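One file, upload_37.txt, is given below (compact mmCIF, C-alpha atoms).
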# COMPACT_ATOMS: atom_id res chain seq x y z
CA MET E 1 32.72 140.07 -97.11
CA ASN E 2 32.86 138.16 -100.39
CA THR E 3 35.92 136.73 -102.12
CA ALA E 4 36.40 139.70 -104.46
CA GLN E 5 36.33 142.14 -101.54
CA LYS E 6 38.82 140.00 -99.61
CA GLU E 7 41.14 139.96 -102.62
CA ILE E 8 41.03 143.76 -102.85
CA LEU E 9 41.65 144.05 -99.09
CA VAL E 10 44.67 141.76 -99.25
CA THR E 11 46.11 143.44 -102.34
CA GLU E 12 45.78 147.01 -101.07
CA THR E 13 47.03 146.17 -97.58
CA GLY E 14 49.93 144.14 -98.97
CA GLU E 15 51.00 146.96 -101.27
CA ALA E 16 50.88 149.40 -98.35
CA VAL E 17 53.03 147.10 -96.19
CA ILE E 18 55.57 146.66 -98.99
CA GLN E 19 55.75 150.42 -99.53
CA LEU E 20 56.29 151.02 -95.80
CA LEU E 21 59.06 148.41 -95.70
CA GLN E 22 60.77 149.89 -98.76
CA ASN E 23 60.73 153.31 -97.10
CA THR E 24 62.11 151.76 -93.88
CA ARG E 25 59.08 152.89 -91.91
CA ARG E 26 57.47 150.88 -89.15
CA VAL E 27 54.56 148.73 -90.27
CA THR E 28 51.75 149.70 -87.92
CA ILE E 29 48.01 149.89 -88.40
CA GLY E 30 48.22 153.67 -88.17
CA ASN E 31 50.89 153.90 -90.88
CA ILE E 32 48.93 151.54 -93.14
CA VAL E 33 45.76 153.60 -92.66
CA ASP E 34 47.65 156.85 -93.34
CA LEU E 35 49.11 155.45 -96.55
CA LEU E 36 45.76 154.10 -97.74
CA GLU E 37 44.06 157.43 -96.92
CA GLY E 38 46.55 159.21 -99.15
CA LYS E 39 45.93 156.71 -101.94
CA ARG E 40 42.16 157.10 -101.53
CA HIS E 41 42.35 160.87 -101.84
CA ALA E 42 44.45 160.55 -105.00
CA ALA E 43 42.21 157.87 -106.53
CA SER E 44 38.90 158.30 -108.24
CA GLY E 45 35.93 156.20 -109.20
CA GLU E 46 35.85 152.50 -108.40
CA ARG E 47 39.38 152.40 -106.97
CA ALA E 48 38.51 155.14 -104.48
CA GLU E 49 35.43 153.16 -103.43
CA HIS E 50 37.51 150.01 -102.95
CA LEU E 51 40.03 151.89 -100.84
CA ARG E 52 37.23 153.40 -98.76
CA ALA E 53 35.84 149.91 -98.12
CA VAL E 54 39.29 148.66 -97.10
CA LEU E 55 39.70 151.56 -94.68
CA VAL E 56 36.25 150.97 -93.17
CA PHE E 57 37.10 147.30 -92.63
CA ILE E 58 40.46 148.07 -91.01
CA ARG E 59 38.94 150.69 -88.73
CA LYS E 60 36.20 148.29 -87.61
CA LYS E 61 38.75 145.62 -86.72
CA ALA E 62 41.46 147.79 -85.18
CA VAL E 63 41.45 150.16 -82.26
CA LEU E 64 43.41 153.21 -83.37

Entire entry expressed as structure tokens:
Amino acid sequence: MNTAQKEILVTETGEAVIQLLQNTRRVTIGNIVDLLEGKRHAASGERAEHLRAVLVFIRKKAVL
């Protein structure tokens, strides 16, 4: 994973965590994945591809 991909991963995950905290929801891997899935379905083009890559990375590293 190169630096640009890491930056996207950190940004997208960080935004998801902040959104969960603002909505007073628990910050769990499952909730982060659910939120990012929703964003991916709403996104298009390059952003959707970035979100897909983030989700693939999270799923590889976490046991859901």

- Message: Need to verify the contact set: segment 8-10 of chain E, 10 Å, only C-alpha atoms, exclusion of same-chain residues closer than 5 positions in sequence. Can you return it as JSON, numbers by chain?
- Response: {"E": [1, 3, 15, 16, 47, 50, 51, 53, 54, 55, 57, 58]}

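The space separating atom CA of Lys60 of chain E from atom CA of Gln19 of chain E comes to 23.0 Å.
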
- Item | Distance of atom CA of Leu35 of chain E from atom CA of Leu20 of chain E, expressed in Å to one decimal place |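 Atom CA of Leu35 of chain E lies at a distance of 8.5 Å from atom CA of Leu20 of chain E.
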
- Item | Which of E:Gly14, E:Arg40, E:Arg59, E:Ala48 sits closest to Val27 of chain E [using all atoms listed in the file] | E:Gly14

- Item | Test item: which residues lie within 12 Å of (50.8, 157.7, -91.8) counting all atoms listed in the file, as a PyMOL selection string | chain E and resi 16-17+19-20+25-39

Coordinates of box centre and edge lengths for segment 45-51 of chain E, 3 Å on every side, axis-aligned, as JSON:
{"center_x": 37.7, "center_y": 153.1, "center_z": -105.0, "size_x": 10.6, "size_y": 12.2, "size_z": 14.4}

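The residue that comes closest to Gln5 of chain E, out of E:Asn23, E:Ile18, E:Arg52, E:Ser44 and on the basis of all atoms listed in the file, is E:Arg52.
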